[in-house]
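Content type mmCIF, C-alpha atoms, from the file structure.cif:
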data_input
#
loop_
_atom_site.label_atom_id
_atom_site.label_comp_id
_atom_site.auth_asym_id
_atom_site.auth_seq_id
_atom_site.Cartn_x
_atom_site.Cartn_y
_atom_site.Cartn_z
CA MET V 722 41.45 2.91 -120.52
CA GLN V 723 38.40 3.21 -122.77
CA ASP V 724 40.69 4.16 -125.66
CA GLU V 725 42.53 0.84 -125.28
CA LYS V 726 39.21 -1.04 -125.15
CA ASP V 727 38.08 0.68 -128.34
CA ARG V 728 41.43 -0.05 -129.99
CA LEU V 729 41.27 -3.73 -129.06
CA HIS V 730 37.65 -3.95 -130.20
CA ALA V 731 38.68 -2.65 -133.64
CA LEU V 732 41.60 -5.09 -133.77
CA TYR V 733 39.43 -8.07 -132.85
CA ASP V 734 36.78 -6.97 -135.34
CA LEU V 735 39.25 -7.76 -138.12
CA ALA V 736 39.47 -11.38 -136.89
CA VAL V 737 43.01 -11.58 -138.25
CA LEU V 738 45.14 -12.52 -135.24
CA ASP V 739 46.81 -15.91 -135.59
CA THR V 740 45.59 -16.41 -139.16
CA PRO V 741 47.89 -18.08 -141.69
CA PRO V 742 50.19 -16.07 -143.96
CA GLU V 743 48.57 -14.53 -147.03
CA PRO V 744 50.42 -13.76 -150.27
CA ALA V 745 49.18 -10.15 -150.54
CA PHE V 746 50.67 -9.21 -147.16
CA ASN V 747 53.91 -11.02 -147.93
CA ASP V 748 54.15 -9.07 -151.19
CA ILE V 749 53.75 -5.76 -149.36
CA VAL V 750 56.53 -6.46 -146.82
CA ASN V 751 58.85 -7.79 -149.51
CA PHE V 752 58.25 -4.66 -151.57
CA ALA V 753 59.02 -2.50 -148.50
CA ARG V 754 62.34 -4.29 -147.98
CA GLN V 755 63.32 -3.49 -151.55
CA ARG V 756 61.99 0.06 -151.57
CA PHE V 757 63.76 1.06 -148.34
CA MET V 758 66.74 -1.31 -148.71
CA VAL V 759 66.32 -2.73 -145.20
CA PRO V 760 66.76 -6.28 -143.93
CA THR V 761 63.37 -6.40 -142.16
CA ALA V 762 59.80 -5.29 -142.85
CA LEU V 763 56.79 -6.27 -140.72
CA ILE V 764 53.05 -5.95 -140.47
CA SER V 765 52.64 -5.86 -136.71
CA LEU V 766 49.36 -6.05 -134.79
CA ILE V 767 49.30 -5.17 -131.10
CA ASP V 768 46.91 -6.92 -128.70
CA GLU V 769 46.84 -6.75 -124.89
CA SER V 770 50.15 -8.49 -124.32
CA ARG V 771 51.92 -9.15 -127.58
CA GLN V 772 52.97 -7.90 -130.96
CA TRP V 773 51.92 -10.45 -133.59
CA PHE V 774 53.20 -10.38 -137.16
CA LYS V 775 50.66 -10.85 -139.94
CA ALA V 776 53.53 -10.70 -142.41
CA LYS V 777 57.27 -10.56 -142.02
CA ALA V 778 60.28 -10.37 -144.27
CA GLY V 779 63.68 -10.77 -142.69
CA ALA V 780 62.46 -11.90 -139.26
CA ASP V 781 61.88 -15.33 -137.76
CA ALA V 782 59.68 -14.57 -134.74
CA GLU V 783 55.91 -14.96 -135.01
CA GLU V 784 55.35 -12.53 -132.14
CA THR V 785 57.13 -10.63 -129.37
CA PRO V 786 56.06 -9.30 -125.97
CA ARG V 787 54.26 -5.98 -126.26
CA GLU V 788 56.47 -4.44 -123.60
CA TYR V 789 59.49 -4.61 -125.97
CA ALA V 790 57.64 -3.66 -129.17
CA PHE V 791 58.70 -0.46 -130.89
CA CYS V 792 55.33 -0.66 -132.65
CA ALA V 793 53.56 -0.23 -129.30
CA HIS V 794 55.03 3.28 -129.25
CA THR V 795 53.87 3.91 -132.81
CA ILE V 796 50.25 3.14 -131.98
CA GLN V 797 50.36 5.49 -128.99
CA GLN V 798 51.46 8.49 -131.03
CA ARG V 799 49.32 7.61 -134.11
CA ARG V 800 51.86 9.01 -136.58
CA VAL V 801 55.06 7.79 -138.16
CA LEU V 802 57.67 6.96 -135.55
CA VAL V 803 61.28 7.19 -136.70
CA VAL V 804 64.15 6.02 -134.51
CA GLU V 805 67.36 6.74 -136.40
CA ASP V 806 69.62 5.10 -133.79
CA ALA V 807 67.91 3.10 -131.04
CA ARG V 808 71.13 2.96 -128.98
CA VAL V 809 70.84 6.67 -128.19
CA ASP V 810 67.05 6.90 -127.84
CA PRO V 811 66.18 6.68 -124.11
CA ARG V 812 62.93 4.83 -124.91
CA PHE V 813 64.82 1.98 -126.56
CA ALA V 814 68.49 2.04 -125.50
CA ASN V 815 67.98 -0.79 -122.98
CA ASN V 816 65.47 -2.76 -125.05
CA PRO V 817 66.56 -6.43 -125.30
CA TYR V 818 66.17 -6.27 -129.11
CA VAL V 819 68.60 -3.35 -129.20
CA VAL V 820 71.25 -4.62 -126.77
CA GLY V 821 70.93 -8.21 -128.05
CA PRO V 822 69.81 -9.93 -131.23
CA PRO V 823 68.54 -8.75 -133.64
CA ARG V 824 70.42 -5.57 -132.57
CA ILE V 825 67.89 -3.07 -133.87
CA ARG V 826 69.44 0.27 -134.67
CA PHE V 827 66.91 1.87 -137.01
CA TYR V 828 63.13 1.64 -136.85
CA ALA V 829 60.40 3.42 -138.78
CA GLY V 830 56.74 2.55 -138.28
CA ALA V 831 53.48 3.94 -139.61
CA PRO V 832 50.32 3.17 -137.65
CA LEU V 833 47.68 0.90 -139.14
CA ILE V 834 44.42 2.82 -138.64
CA TYR V 835 41.21 0.80 -138.76
CA LYS V 836 37.87 2.18 -137.54
CA GLN V 837 39.77 5.25 -136.33
CA GLN V 838 41.95 3.08 -134.06
CA ALA V 839 45.69 2.38 -134.30
CA ILE V 840 45.68 -1.42 -134.27
CA GLY V 841 49.30 -1.98 -135.23
CA SER V 842 52.12 -0.76 -137.38
CA PHE V 843 53.72 -1.24 -140.76
CA CYS V 844 57.39 -1.04 -139.92
CA ILE V 845 60.86 -1.40 -141.31
CA ILE V 846 63.96 -2.22 -139.29
CA ASP V 847 67.69 -2.05 -139.92
CA ASP V 848 70.71 -3.19 -137.92
CA ALA V 849 72.51 0.05 -138.80
CA PRO V 850 71.54 3.64 -137.94
CA ARG V 851 70.12 5.61 -140.85
CA LEU V 852 68.27 8.74 -141.85
CA PHE V 853 64.66 8.65 -143.02
CA THR V 854 63.39 11.46 -145.24
CA ASN V 855 59.93 13.02 -145.40
CA VAL V 856 59.41 11.26 -148.74
CA ASP V 857 60.35 7.96 -147.08
CA GLN V 858 57.81 8.65 -144.33
CA GLN V 859 55.10 9.42 -146.88
CA ASP V 860 55.86 6.17 -148.73
CA LEU V 861 55.65 4.23 -145.46
CA VAL V 862 52.22 5.76 -144.77
CA VAL V 863 51.06 4.67 -148.24
CA LEU V 864 52.15 1.09 -147.45
CA ALA V 865 50.33 1.24 -144.10
CA LYS V 866 47.13 2.42 -145.82
CA ALA V 867 47.45 -0.33 -148.44
CA THR V 868 47.89 -2.85 -145.64
CA VAL V 869 44.72 -1.70 -143.89
CA ALA V 870 42.80 -1.91 -147.17
CA GLU V 871 44.09 -5.47 -147.63
CA LEU V 872 43.16 -6.34 -144.02
CA GLU V 873 39.62 -5.15 -144.70
CA MET V 874 39.42 -7.20 -147.92
CA SER V 875 40.85 -10.25 -146.16
CA ARG V 876 38.22 -9.91 -143.44
CA ALA V 877 35.46 -9.65 -146.05
CA ARG V 878 36.73 -12.78 -147.85
CA ARG V 879 36.68 -14.75 -144.59
CA PHE V 880 33.14 -13.67 -143.65
CA LEU V 881 31.32 -13.50 -146.97
CA PRO V 882 29.45 -16.61 -148.00
CA PRO V 883 30.87 -18.46 -151.04
#
Output the structure of this file as structure tokens.
Amino acid sequence: MQDEKDRLHALYDLAVLDTPPEPAFNDIVNFARQRFMVPTALISLIDESRQWFKAKAGADAEETPREYAFCAHTIQQRRVLVVEDARVDPRFANNPYVVGPPRIRFYAGAPLIYKQQAIGSFCIIDDAPRLFTNVDQQDLVVLAKATVAELEMSRARRFLPP
């Protein structure tokens, strides 16, 4: 349980939850949609009970319950999680976002590591099963690292005096 406390402490240290959209994060998710040719890309932060989206492209929700979040699995394993077809993965086959709208089939997420803690995930989602290469995984990790760097800069801008 201490690990979760440390993870949440790192997340709250960023002071980013429920902040307004920022162009830099929107640019990153829009780039990911184009790079991977997927309908959805998200910057997802996981707190005690929810998955909140700092940036989203191709999704309407502002947040979802943590219990249904694919990204909650990503932060637990602390490496890229690839689900090529969620319908046949026992972890997700009965997930309401798989059996109902938005009918997730493919998911790939790279953990967002801040202060050595996995605070969320940079993820891409498709409504069709697909393969994801090692090069794709490496590119997703680069986007996750760029996101964390931008989160740190955003935090500094909010807390530095003018």
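Counting all atoms listed in the file, the residue from V:Ile840, V:Ile767, V:Ala776, V:Val759 that sits nearest to Tyr828 (chain V) is V:Val759.
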Exercise: residues within 9 Å of coordinate (48.5, -15.5, -134.8), counting all atoms listed in the file, as an MDAnalysis selection string = chainID V and resid 737:741 773:775 783:784
Hey, what comes out of the PyMOL selection byres ((chain V and resi 794) around 12) on this file? Could you write it as a PyMOL selection string?
-> chain V and resi 767+772+787-793+795-804+812-813+828-832+839-842+844
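Interatomic distance, CA of Gln837 (chain V) against CA of Gln858 (chain V): 20.0 Å.
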Write out as an NGL selection string which residues come within 7 Å of Arg824 (chain V) when counting only C-alpha atoms, dropping same-chain ones fewer than 5 positions away.
-> :V and (818-819 or 848)
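Between CA of Val869 (chain V) and CA of Ile834 (chain V) the separation is 6.9 Å.
Considering only C-alpha atoms, the residue among V:Met874, V:Ala814, V:Val750, V:Ile825 positioned nearest to Ile846 (chain V) is V:Ile825.
Every protein or nucleic acid residue with an atom no more than 7 Å from Ala731 (chain V), counting only C-alpha atoms and leaving out same-chain residues fewer than 3 positions away, appears here: Asp727, Arg728, Asp734, Leu735, Tyr835, Lys836 and Gln838 of chain V.
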Listed atoms of region 789-797 of chain V boxed along x, y and z, 5 Å each side, centre and edge lengths in Å, one decimal, as JSON:
{"center_x": 54.9, "center_y": 0.4, "center_z": -129.4, "size_x": 19.2, "size_y": 20.1, "size_z": 16.8}
Separation of CA of Phe843 (chain V) from CA of Leu861 (chain V), in Å and rounded to one decimal | 7.5 Å
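Proximity to Glu743 (chain V) was assessed for V:Asp810, V:Asp847, V:Glu871, V:Asp781 counting all atoms listed in the file; the smallest distance is recorded for V:Glu871.
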